[in-house]
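Undergrad: This is the content of entry.cif (mmCIF, C-alpha atoms and all ligand atoms):
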data_work
loop_
_atom_site.group_PDB
_atom_site.id
_atom_site.type_symbol
_atom_site.label_atom_id
_atom_site.label_comp_id
_atom_site.auth_asym_id
_atom_site.auth_seq_id
_atom_site.Cartn_x
_atom_site.Cartn_y
_atom_site.Cartn_z
ATOM 1 C CA ALA A 1 50.930 148.898 94.805
ATOM 2 C CA THR A 2 54.604 149.646 94.801
ATOM 3 C CA PRO A 3 55.407 153.090 96.169
ATOM 4 C CA THR A 4 57.954 153.699 93.398
ATOM 5 C CA ALA A 5 55.423 153.295 90.583
ATOM 6 C CA LEU A 6 53.008 155.631 92.381
ATOM 7 C CA LEU A 7 55.705 158.257 92.770
ATOM 8 C CA VAL A 8 56.524 158.045 89.063
ATOM 9 C CA GLY A 9 52.855 158.787 88.506
ATOM 10 C CA THR A 10 53.021 161.876 90.670
ATOM 11 C CA GLY A 11 56.183 163.113 88.948
ATOM 12 C CA ARG A 12 54.483 162.864 85.556
ATOM 13 C CA GLY A 13 51.561 164.738 87.099
ATOM 14 C CA ALA A 14 53.808 167.639 88.048
ATOM 15 C CA GLN A 15 55.010 167.878 84.443
ATOM 16 C CA LEU A 16 51.398 168.140 83.304
ATOM 17 C CA GLY A 17 50.588 170.864 85.820
ATOM 18 C CA ILE A 18 48.825 168.493 88.197
ATOM 19 C CA LEU A 19 50.003 168.619 91.804
ATOM 20 C CA ILE A 20 49.128 165.536 93.839
ATOM 21 C CA LYS A 21 49.063 165.738 97.640
ATOM 22 C CA GLY A 22 50.398 162.223 98.131
ATOM 23 C CA PRO A 23 50.833 159.035 96.119
ATOM 24 C CA GLU A 24 47.948 157.393 98.006
ATOM 25 C CA VAL A 25 45.552 159.860 96.345
ATOM 26 C CA LEU A 26 45.815 158.015 93.029
ATOM 27 C CA GLU A 27 44.270 154.899 94.545
ATOM 28 C CA SER A 28 40.920 156.620 95.050
ATOM 29 C CA THR A 29 40.498 157.486 91.364
ATOM 30 C CA ARG A 30 40.156 153.869 90.244
ATOM 31 C CA ARG A 31 36.375 153.633 90.639
ATOM 32 C CA ILE A 32 35.354 157.264 89.921
ATOM 33 C CA ASP A 33 32.242 157.298 87.710
ATOM 34 C CA THR A 34 30.851 160.811 88.257
ATOM 35 C CA VAL A 35 32.582 164.184 88.012
ATOM 36 C CA VAL A 36 30.841 167.123 89.652
ATOM 37 C CA LEU A 37 31.955 170.477 88.241
ATOM 38 C CA ASP A 38 31.474 173.800 89.998
ATOM 39 C CA LYS A 39 30.305 176.443 87.522
ATOM 40 C CA THR A 40 31.773 179.824 88.432
ATOM 41 C CA GLY A 41 35.554 179.910 88.148
ATOM 42 C CA THR A 42 35.770 176.231 87.162
ATOM 43 C CA VAL A 43 33.754 175.816 83.951
ATOM 44 C CA THR A 44 33.540 179.594 83.425
ATOM 45 C CA THR A 45 36.367 182.107 83.760
ATOM 46 C CA GLY A 46 34.849 183.640 86.891
ATOM 47 C CA ARG A 47 35.854 187.041 85.541
ATOM 48 C CA MET A 48 32.418 188.540 85.537
ATOM 49 C CA GLN A 49 31.522 191.837 83.926
ATOM 50 C CA LEU A 50 28.653 194.186 84.571
ATOM 51 C CA GLN A 51 26.414 194.108 81.481
ATOM 52 C CA ALA A 52 23.505 196.356 82.452
ATOM 53 C CA VAL A 53 21.863 198.320 85.273
ATOM 54 C CA ARG A 54 18.056 198.434 85.119
ATOM 55 C CA THR A 55 16.373 200.751 87.600
ATOM 56 C CA THR A 56 12.746 200.803 88.672
ATOM 57 C CA GLY A 57 10.460 203.844 88.508
ATOM 58 C CA ASP A 58 12.425 207.106 88.698
ATOM 59 C CA VAL A 59 15.489 205.678 90.488
ATOM 60 C CA ASP A 60 18.668 207.293 89.157
ATOM 61 C CA ARG A 61 21.041 204.834 87.461
ATOM 62 C CA ALA A 62 24.218 206.442 88.828
ATOM 63 C CA GLU A 63 22.798 206.410 92.367
ATOM 64 C CA ALA A 64 21.967 202.703 92.113
ATOM 65 C CA LEU A 65 25.417 201.914 90.745
ATOM 66 C CA ARG A 66 27.099 203.998 93.486
ATOM 67 C CA ILE A 67 25.262 202.178 96.282
ATOM 68 C CA ALA A 68 25.696 198.723 94.770
ATOM 69 C CA GLY A 69 29.397 199.425 94.088
ATOM 70 C CA ALA A 70 29.985 200.634 97.652
ATOM 71 C CA LEU A 71 28.289 197.582 99.164
ATOM 72 C CA GLU A 72 29.923 195.023 96.851
ATOM 73 C CA ASP A 73 33.345 196.567 97.373
ATOM 74 C CA ALA A 74 33.436 194.702 100.698
ATOM 75 C CA SER A 75 32.771 191.300 99.073
ATOM 76 C CA GLU A 76 35.233 188.953 97.369
ATOM 77 C CA HIS A 77 32.618 187.214 95.232
ATOM 78 C CA PRO A 78 33.245 187.404 91.432
ATOM 79 C CA VAL A 79 29.766 188.951 91.020
ATOM 80 C CA ALA A 80 30.664 191.593 93.602
ATOM 81 C CA ARG A 81 34.011 192.400 92.019
ATOM 82 C CA ALA A 82 32.347 192.975 88.644
ATOM 83 C CA ILE A 83 29.897 195.448 90.182
ATOM 84 C CA SER A 84 32.375 197.393 92.329
ATOM 85 C CA ALA A 85 34.940 197.603 89.501
ATOM 86 C CA ALA A 86 32.348 198.953 87.056
ATOM 87 C CA ALA A 87 31.058 201.438 89.639
ATOM 88 C CA ARG A 88 34.541 202.726 90.431
ATOM 89 C CA GLU A 89 35.433 203.026 86.766
ATOM 90 C CA GLU A 90 32.291 204.999 86.008
ATOM 91 C CA LEU A 91 31.935 207.061 89.193
ATOM 92 C CA GLY A 92 35.387 207.268 90.786
ATOM 93 C CA GLU A 93 35.508 207.057 94.582
ATOM 94 C CA LEU A 94 32.679 205.144 96.275
ATOM 95 C CA PRO A 95 31.067 205.768 99.688
ATOM 96 C CA ALA A 96 32.081 203.590 102.655
ATOM 97 C CA VAL A 97 30.028 200.607 103.782
ATOM 98 C CA GLU A 98 29.179 199.921 107.441
ATOM 99 C CA ASP A 99 27.806 196.829 109.213
ATOM 100 C CA PHE A 100 28.724 194.679 106.195
ATOM 101 C CA ALA A 101 27.529 191.064 106.290
ATOM 102 C CA GLY A 102 27.747 188.403 103.609
ATOM 103 C CA GLU A 103 25.090 185.738 103.180
ATOM 104 C CA PRO A 104 26.894 182.889 101.413
ATOM 105 C CA GLY A 105 25.293 181.927 98.113
ATOM 106 C CA LEU A 106 22.697 184.686 98.408
ATOM 107 C CA GLY A 107 24.293 188.111 98.539
ATOM 108 C CA VAL A 108 25.369 190.898 100.897
ATOM 109 C CA ARG A 109 23.924 193.462 103.293
ATOM 110 C CA GLY A 110 25.212 196.622 104.922
ATOM 111 C CA ARG A 111 24.669 200.336 105.453
ATOM 112 C CA VAL A 112 25.634 202.886 102.832
ATOM 113 C CA GLU A 113 25.157 206.621 103.425
ATOM 114 C CA GLY A 114 23.366 205.709 106.651
ATOM 115 C CA ARG A 115 20.692 203.526 105.013
ATOM 116 C CA ALA A 116 20.210 199.754 105.017
ATOM 117 C CA VAL A 117 21.023 198.218 101.638
ATOM 118 C CA LEU A 118 21.200 194.710 100.243
ATOM 119 C CA ALA A 119 22.332 193.150 96.979
ATOM 120 C CA GLY A 120 21.952 189.588 95.824
ATOM 121 C CA ARG A 121 19.583 186.933 94.597
ATOM 122 C CA PRO A 122 15.907 187.905 94.428
ATOM 123 C CA ALA A 123 15.326 185.388 97.249
ATOM 124 C CA LEU A 124 17.112 187.795 99.630
ATOM 125 C CA LEU A 125 14.189 190.236 99.335
ATOM 126 C CA ASP A 126 11.129 189.428 101.358
ATOM 127 C CA GLN A 127 8.776 191.078 98.883
ATOM 128 C CA PRO A 128 8.043 190.640 95.173
ATOM 129 C CA LEU A 129 9.876 192.732 92.594
ATOM 130 C CA PRO A 130 8.034 195.567 90.846
ATOM 131 C CA ASP A 131 6.776 194.573 87.385
ATOM 132 C CA ASP A 132 9.517 196.350 85.430
ATOM 133 C CA LEU A 133 12.296 194.628 87.399
ATOM 134 C CA GLN A 134 10.476 191.285 87.278
ATOM 135 C CA ARG A 135 10.437 191.540 83.480
ATOM 136 C CA ALA A 136 14.097 192.554 83.414
ATOM 137 C CA LEU A 137 14.893 189.542 85.621
ATOM 138 C CA GLY A 138 13.200 187.170 83.172
ATOM 139 C CA ASP A 139 15.086 188.691 80.237
ATOM 140 C CA ALA A 140 18.431 188.555 82.067
ATOM 141 C CA GLU A 141 18.034 184.907 83.021
ATOM 142 C CA ALA A 142 16.866 183.948 79.536
ATOM 143 C CA ALA A 143 20.065 185.557 78.243
ATOM 144 C CA GLY A 144 22.143 183.460 80.679
ATOM 145 C CA ARG A 145 23.089 186.388 82.898
ATOM 146 C CA THR A 146 23.130 186.512 86.680
ATOM 147 C CA ALA A 147 20.754 189.160 88.017
ATOM 148 C CA VAL A 148 21.560 190.957 91.271
ATOM 149 C CA VAL A 149 18.711 192.776 92.978
ATOM 150 C CA LEU A 150 19.595 195.995 94.808
ATOM 151 C CA ALA A 151 17.299 197.270 97.554
ATOM 152 C CA ARG A 152 17.471 200.162 100.025
ATOM 153 C CA ASP A 153 15.345 200.303 103.171
ATOM 154 C CA ASP A 154 13.723 197.107 101.842
ATOM 155 C CA ALA A 155 12.548 198.852 98.652
ATOM 156 C CA PRO A 156 13.869 197.362 95.369
ATOM 157 C CA MET A 157 15.882 199.962 93.398
ATOM 158 C CA ALA A 158 17.538 198.176 90.530
ATOM 159 C CA LEU A 159 18.627 194.978 88.873
ATOM 160 C CA LEU A 160 22.293 194.645 87.962
ATOM 161 C CA GLU A 161 23.164 192.073 85.312
ATOM 162 C CA VAL A 162 26.529 190.352 85.296
ATOM 163 C CA ALA A 163 27.866 187.604 83.106
ATOM 164 C CA ASP A 164 31.042 185.662 82.635
ATOM 165 C CA ALA A 165 32.229 183.509 79.800
ATOM 166 C CA VAL A 166 32.733 179.776 79.521
ATOM 167 C CA LYS A 167 36.470 178.968 79.389
ATOM 168 C CA PRO A 168 37.551 178.131 75.834
ATOM 169 C CA SER A 169 38.768 174.666 76.882
ATOM 170 C CA SER A 170 35.738 173.617 78.964
ATOM 171 C CA ALA A 171 33.762 171.908 76.169
ATOM 172 C CA GLU A 172 36.793 169.845 75.152
ATOM 173 C CA ALA A 173 37.417 168.964 78.803
ATOM 174 C CA VAL A 174 33.839 167.702 79.178
ATOM 175 C CA ARG A 175 34.287 165.554 76.025
ATOM 176 C CA ASP A 176 37.506 164.157 77.518
ATOM 177 C CA LEU A 177 35.735 163.263 80.764
ATOM 178 C CA ARG A 178 32.948 161.506 78.835
ATOM 179 C CA GLY A 179 35.611 159.699 76.821
ATOM 180 C CA LEU A 180 36.856 158.215 80.081
ATOM 181 C CA GLY A 181 33.346 156.901 80.765
ATOM 182 C CA LEU A 182 32.592 159.527 83.400
ATOM 183 C CA THR A 183 29.286 161.367 83.853
ATOM 184 C CA PRO A 184 29.755 165.137 84.224
ATOM 185 C CA VAL A 185 27.375 167.054 86.511
ATOM 186 C CA LEU A 186 27.247 170.860 86.795
ATOM 187 C CA LEU A 187 26.794 172.174 90.356
ATOM 188 C CA THR A 188 26.148 175.820 91.163
ATOM 189 C CA GLY A 189 24.529 178.290 93.495
ATOM 190 C CA ASP A 190 23.539 180.363 90.499
ATOM 191 C CA ASN A 191 20.018 180.307 89.063
ATOM 192 C CA ARG A 192 18.753 177.464 86.901
ATOM 193 C CA ALA A 193 18.496 179.411 83.631
ATOM 194 C CA VAL A 194 22.135 180.554 83.828
ATOM 195 C CA ALA A 195 23.252 177.058 84.831
ATOM 196 C CA ASP A 196 21.336 175.421 81.960
ATOM 197 C CA SER A 197 22.834 177.879 79.484
ATOM 198 C CA VAL A 198 26.400 177.100 80.623
ATOM 199 C CA ALA A 199 25.707 173.340 80.676
ATOM 200 C CA GLU A 200 24.414 173.460 77.133
ATOM 201 C CA GLN A 201 27.448 175.415 75.916
ATOM 202 C CA VAL A 202 29.869 172.794 77.231
ATOM 203 C CA GLY A 203 27.783 169.639 76.719
ATOM 204 C CA ILE A 204 26.836 168.728 80.290
ATOM 205 C CA GLY A 205 23.472 166.962 80.601
ATOM 206 C CA GLU A 206 22.980 166.965 84.380
ATOM 207 C CA VAL A 207 22.560 170.262 86.217
ATOM 208 C CA ILE A 208 22.123 170.879 89.935
ATOM 209 C CA ALA A 209 21.440 174.611 90.394
ATOM 210 C CA GLU A 210 20.496 177.060 93.151
ATOM 211 C CA VAL A 211 22.407 175.045 95.747
ATOM 212 C CA LEU A 212 23.462 177.044 98.811
ATOM 213 C CA PRO A 213 27.189 176.808 99.645
ATOM 214 C CA ALA A 214 26.485 174.810 102.806
ATOM 215 C CA ASP A 215 24.456 172.306 100.776
ATOM 216 C CA LYS A 216 27.089 171.555 98.115
ATOM 217 C CA VAL A 217 28.651 168.911 100.351
ATOM 218 C CA GLY A 218 25.209 167.282 100.730
ATOM 219 C CA VAL A 219 24.974 166.928 96.951
ATOM 220 C CA ILE A 220 28.273 164.997 96.956
ATOM 221 C CA THR A 221 27.307 162.722 99.842
ATOM 222 C CA GLY A 222 23.858 162.185 98.277
ATOM 223 C CA LEU A 223 25.463 160.971 95.051
ATOM 224 C CA GLN A 224 27.759 158.727 97.081
ATOM 225 C CA ARG A 225 24.816 157.251 98.991
ATOM 226 C CA SER A 226 23.163 156.419 95.664
ATOM 227 C CA GLY A 227 26.261 154.372 94.823
ATOM 228 C CA LYS A 228 28.283 156.861 92.784
ATOM 229 C CA VAL A 229 32.000 157.292 93.216
ATOM 230 C CA VAL A 230 32.478 161.009 92.893
ATOM 231 C CA ALA A 231 35.191 163.408 91.843
ATOM 232 C CA MET A 232 34.542 167.095 92.500
ATOM 233 C CA VAL A 233 36.275 169.975 90.702
ATOM 234 C CA GLY A 234 36.026 173.412 92.298
ATOM 235 C CA ASP A 235 37.769 176.665 93.038
ATOM 236 C CA GLY A 236 35.862 178.590 95.689
ATOM 237 C CA VAL A 237 35.698 178.841 99.460
ATOM 238 C CA ASN A 238 32.169 177.501 98.926
ATOM 239 C CA ASP A 239 33.537 174.332 97.352
ATOM 240 C CA ALA A 240 35.974 173.350 100.122
ATOM 241 C CA ALA A 241 33.677 171.016 102.078
ATOM 242 C CA ALA A 242 32.483 169.346 98.867
ATOM 243 C CA LEU A 243 36.086 168.880 97.683
ATOM 244 C CA ALA A 244 36.958 167.254 100.993
ATOM 245 C CA ALA A 245 33.881 164.975 100.971
ATOM 246 C CA ALA A 246 34.373 163.798 97.374
ATOM 247 C CA ASP A 247 36.208 160.531 96.700
ATOM 248 C CA LEU A 248 38.626 162.700 94.741
ATOM 249 C CA GLY A 249 38.799 166.474 95.177
ATOM 250 C CA LEU A 250 40.388 168.480 92.357
ATOM 251 C CA ALA A 251 41.064 172.155 93.095
ATOM 252 C CA MET A 252 41.689 174.778 90.438
ATOM 253 C CA GLY A 253 45.144 176.289 90.992
ATOM 254 C CA THR A 254 43.632 179.656 90.069
ATOM 255 C CA GLY A 255 41.148 179.318 92.919
ATOM 256 C CA THR A 256 41.161 180.128 96.605
ATOM 257 C CA ASP A 257 43.695 178.737 99.098
ATOM 258 C CA VAL A 258 40.891 177.117 101.072
ATOM 259 C CA ALA A 259 39.844 175.060 98.046
ATOM 260 C CA ILE A 260 43.445 174.065 97.269
ATOM 261 C CA GLU A 261 43.878 173.033 100.900
ATOM 262 C CA ALA A 262 40.748 170.863 100.758
ATOM 263 C CA GLY A 263 41.527 169.121 97.461
ATOM 264 C CA ASP A 264 43.573 165.964 96.843
ATOM 265 C CA LEU A 265 44.897 167.334 93.563
ATOM 266 C CA THR A 266 45.582 170.837 92.302
ATOM 267 C CA LEU A 267 45.136 171.671 88.619
ATOM 268 C CA VAL A 268 47.875 174.285 88.482
ATOM 269 C CA ARG A 269 46.875 175.867 85.170
ATOM 270 C CA GLY A 270 43.233 176.270 86.096
ATOM 271 C CA ASP A 271 42.419 174.368 82.901
ATOM 272 C CA LEU A 272 39.622 171.834 83.215
ATOM 273 C CA ARG A 273 41.293 169.549 80.653
ATOM 274 C CA SER A 274 43.826 168.722 83.376
ATOM 275 C CA ALA A 275 41.001 167.067 85.354
ATOM 276 C CA ALA A 276 40.532 164.401 82.675
ATOM 277 C CA GLU A 277 44.315 164.181 82.304
ATOM 278 C CA ALA A 278 44.697 163.605 86.050
ATOM 279 C CA ILE A 279 42.155 160.783 86.078
ATOM 280 C CA ARG A 280 43.651 159.197 82.946
ATOM 281 C CA LEU A 281 47.154 159.462 84.426
ATOM 282 C CA SER A 282 46.190 157.837 87.685
ATOM 283 C CA ARG A 283 44.360 154.986 85.950
ATOM 284 C CA ARG A 284 47.375 154.353 83.746
ATOM 285 C CA THR A 285 49.715 154.506 86.719
ATOM 286 C CA LEU A 286 47.583 152.048 88.657
ATOM 287 C CA SER A 287 47.300 149.591 85.761
ATOM 288 C CA THR A 288 51.100 149.434 85.422
ATOM 289 C CA ILE A 289 51.297 148.571 89.115
ATOM 290 C CA LYS A 290 48.745 145.751 89.129
HETATM 291 P P1 LIG A 301 28.725 179.362 92.382
HETATM 292 O O1 LIG A 301 28.235 178.071 92.987
HETATM 293 O O2 LIG A 301 28.286 179.461 90.943
HETATM 294 O O3 LIG A 301 30.234 179.515 92.504
HETATM 295 P P2 LIG A 301 27.838 181.006 94.719
HETATM 296 O O4 LIG A 301 27.249 179.897 95.531
HETATM 297 O O5 LIG A 301 29.082 181.616 95.220
HETATM 298 O O6 LIG A 301 27.970 180.591 93.145
HETATM 299 O O7 LIG A 301 26.744 182.174 94.591
HETATM 300 C C1 LIG A 301 25.429 181.862 94.144
HETATM 301 C C2 LIG A 301 24.678 183.109 93.750
HETATM 302 O O8 LIG A 301 24.489 183.983 94.898
HETATM 303 C C3 LIG A 301 25.396 183.979 92.731
HETATM 304 O O9 LIG A 301 25.181 183.517 91.427
HETATM 305 C C4 LIG A 301 24.725 185.331 92.982
HETATM 306 O O10 LIG A 301 23.477 185.375 92.346
HETATM 307 C C5 LIG A 301 24.504 185.332 94.495
HETATM 308 N N1 LIG A 301 25.591 186.040 95.202
HETATM 309 C C6 LIG A 301 26.588 185.482 95.927
HETATM 310 N N2 LIG A 301 27.403 186.435 96.450
HETATM 311 C C7 LIG A 301 26.922 187.627 95.998
HETATM 312 C C8 LIG A 301 27.325 189.000 96.166
HETATM 313 N N3 LIG A 301 28.395 189.353 96.880
HETATM 314 N N4 LIG A 301 26.571 189.940 95.566
HETATM 315 C C9 LIG A 301 25.481 189.609 94.834
HETATM 316 N N5 LIG A 301 25.060 188.356 94.635
HETATM 317 C C10 LIG A 301 25.760 187.364 95.203
HETATM 318 MG MG MG A 302 33.236 178.697 91.959
#
Turn the structure described in the file into structure tokens.
TA:
Amino acid sequence: ATPTALLVGTGRGAQLGILIKGPEVLESTRRIDTVVLDKTGTVTTGRMQLQAVRTTGDVDRAEALRIAGALEDASEHPVARAISAAAREELGELPAVEDFAGEPGLGVRGRVEGRAVLAGRPALLDQPLPDDLQRALGDAEAAGRTAVVLARDDAPMALLEVADAVKPSSAEAVRDLRGLGLTPVLLTGDNRAVADSVAEQVGIGEVIAEVLPADKVGVITGLQRSGKVVAMVGDGVNDAAALAAADLGLAMGTGTDVAIEAGDLTLVRGDLRSAAEAIRLSRRTLSTIK
């Protein structure tokens, strides 16, 4: 491979909004056959909105929203930002949170108004949900929403439903990737029903859901051990290790610095169509060199 031809490739990439760490990166795209796509912030906008607050028994809705908003105000997660923004808009100033701790891929804990509170996936609770919240959970997931359980002093209080939208260009991007002979796979920490709903909307047939952040890298290496050559597209702190382990890591330019740092390529516009463009570009560049 002549360095000049590779550099021409990278210059064209910059015009298309694709930043390439170094010319050598293009070499690794030759044999890619599988593209793993993170869901939140990559296939979807990641701009989640609070859709509903369902309380159990005689719990007051505003009280549940105040506590959840206070707790989530300390978290950077898109789910958390949706909840704290809605709480602040509806209730104004929120109480402070103490002893805050995040549990990656699960949720958050802390103390609000002197009492222990948690918000996150139902798995965070070590007891079953009351019947009314269990029903609400089923409905939320069937509707493709992410359900956040709120509990205080270990007692479930409410279910908060958040949802974000698939990016308008994601379905076309998935078609482009298929057109290049690549198999798209959706990877997410979110629940299976939400993941399946997003996959169906954009035309992805393979879904790996409910994967903890620390296990995303294991999904990539597992695919590699089974003989796949894997590209990974992601945006979050949670995706960094997977981006680094992939044969080609593509970071969304709209994502976190950690992800951009870990990737080989940055898709500046945060548009998934650039992923297919990047792979097409590098193949073309390499075939002119050979
Ligand atoms: P993804 O892989 O889709 O980017 P994450 O691994 O970051 O998702 O999170 C997985 C799931 O964990 C979320 O869908 C949500 O249910 C839960 N979760 C993560 N962080 C929080 C939080 N701060 N508050 C509530 N739930 C959370
Ligand atoms: Mg993400």
Undergrad: Translate the PyMOL selection byres (((chain A and resi 252) around 7) and not hetatm) into a concrete residue list for this structure, as a list of chain:residue names.
TA: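 Evaluating the PyMOL selection byres (((chain A and resi 252) around 7) and not hetatm) on these coordinates yields A:Thr42, A:Gly234, A:Asp235, A:Leu250, A:Ala251, A:Gly253, A:Thr254, A:Gly255, A:Thr266, A:Leu267, A:Val268, A:Gly270.
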Undergrad: Check which residues satisfy the PyMOL selection byres (((chain A and resi 29) around 7) and not hetatm) in the file shown, then give them as JSON, numbers by chain.
TA: {"A": [26, 27, 28, 30, 31, 32, 248, 279, 282]}
Undergrad: How about saving the chosen residues, C-alpha atoms kept, as a CSV table (one decimal), in the coordinates of the input?
TA:
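Writing done, so here's again-v2.csv:
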chain,number,residue,atom,x,y,z
A,26,LEU,CA,45.8,158.0,93.0
A,27,GLU,CA,44.3,154.9,94.5
A,28,SER,CA,40.9,156.6,95.0
A,30,ARG,CA,40.2,153.9,90.2
A,31,ARG,CA,36.4,153.6,90.6
A,32,ILE,CA,35.4,157.3,89.9
A,248,LEU,CA,38.6,162.7,94.7
A,279,ILE,CA,42.2,160.8,86.1
A,282,SER,CA,46.2,157.8,87.7
Undergrad: Rank nothing, just name the residue among A:Gly222, A:Pro95, A:Gly105, A:Gly263 nearest to ligand LIG 301 (chain A), using all atoms listed in the file.
TA: A:Gly105
Undergrad: Taking all atoms listed in the file into account, which residues are within 10 Å of ligand MG 302 (chain A), as a list in words?
TA: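 What falls inside 10 Å of ligand MG 302 (chain A) is Leu37, Asp38, Lys39, Thr40, Gly41, Thr42, Val43, Thr44, Thr45, Gly46, His77, Pro78, Leu187, Thr188, Gly189, Asp190, Pro213, Val233, Gly234, Asp235, Gly236, Val237, Asn238, Asp239, Met252, Gly255, Thr256 and Ala259 of chain A.
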Undergrad: To test the calculation: enclose all listed atoms of ligand LIG 301 (chain A) in a box whose edges run along x, y and z, add 8 Å on each side, then state centre and edge lengths in Å to one decimal, as lines of an AutoDock Vina configuration file.
TA:
center_x = 26.9
center_y = 184.0
center_z = 93.9
size_x = 22.8
size_y = 27.9
size_z = 21.9
Undergrad: Which of these, A:Met48, A:Ala62, A:Ile83, A:Ala245, has the shortest distance to A:Gln224 once you count only C-alpha atoms?
TA: A:Ala245
Undergrad: Taking all atoms listed in the file into account, which of A:Asp139, A:Glu103, A:Asp154, A:Gly179 comes nearest A:Leu125?
TA: A:Asp154
Undergrad: Here's the selection I'm unsure about, the PyMOL selection byres (((chain A and resi 63) around 12) and not hetatm); applied to the file above, which residues does it give, as an mmCIF file with C-alpha atoms, in the frame of the given file?
TA:
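Saved file expr_30.cif follows:
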data_model
loop_
_atom_site.group_PDB
_atom_site.id
_atom_site.type_symbol
_atom_site.label_atom_id
_atom_site.label_comp_id
_atom_site.auth_asym_id
_atom_site.auth_seq_id
_atom_site.Cartn_x
_atom_site.Cartn_y
_atom_site.Cartn_z
ATOM 1 C CA VAL A 53 21.863 198.320 85.273
ATOM 2 C CA ARG A 54 18.056 198.434 85.119
ATOM 3 C CA THR A 55 16.373 200.751 87.600
ATOM 4 C CA ASP A 58 12.425 207.106 88.698
ATOM 5 C CA VAL A 59 15.489 205.678 90.488
ATOM 6 C CA ASP A 60 18.668 207.293 89.157
ATOM 7 C CA ARG A 61 21.041 204.834 87.461
ATOM 8 C CA ALA A 62 24.218 206.442 88.828
ATOM 9 C CA ALA A 64 21.967 202.703 92.113
ATOM 10 C CA LEU A 65 25.417 201.914 90.745
ATOM 11 C CA ARG A 66 27.099 203.998 93.486
ATOM 12 C CA ILE A 67 25.262 202.178 96.282
ATOM 13 C CA ALA A 68 25.696 198.723 94.770
ATOM 14 C CA GLY A 69 29.397 199.425 94.088
ATOM 15 C CA ALA A 70 29.985 200.634 97.652
ATOM 16 C CA ALA A 87 31.058 201.438 89.639
ATOM 17 C CA GLU A 90 32.291 204.999 86.008
ATOM 18 C CA LEU A 91 31.935 207.061 89.193
ATOM 19 C CA LEU A 94 32.679 205.144 96.275
ATOM 20 C CA PRO A 95 31.067 205.768 99.688
ATOM 21 C CA VAL A 112 25.634 202.886 102.832
ATOM 22 C CA GLU A 113 25.157 206.621 103.425
ATOM 23 C CA LEU A 150 19.595 195.995 94.808
ATOM 24 C CA ALA A 151 17.299 197.270 97.554
ATOM 25 C CA ARG A 152 17.471 200.162 100.025
ATOM 26 C CA MET A 157 15.882 199.962 93.398
ATOM 27 C CA ALA A 158 17.538 198.176 90.530
#
Undergrad: Atom CA of A:Ala52 and atom CA of A:Ser169, how far apart in Å?
TA: 27.1 Å
Undergrad: Do you have the atom CA of A:Asp132-atom CA of A:Gly57 distance handy?
TA: 8.2 Å
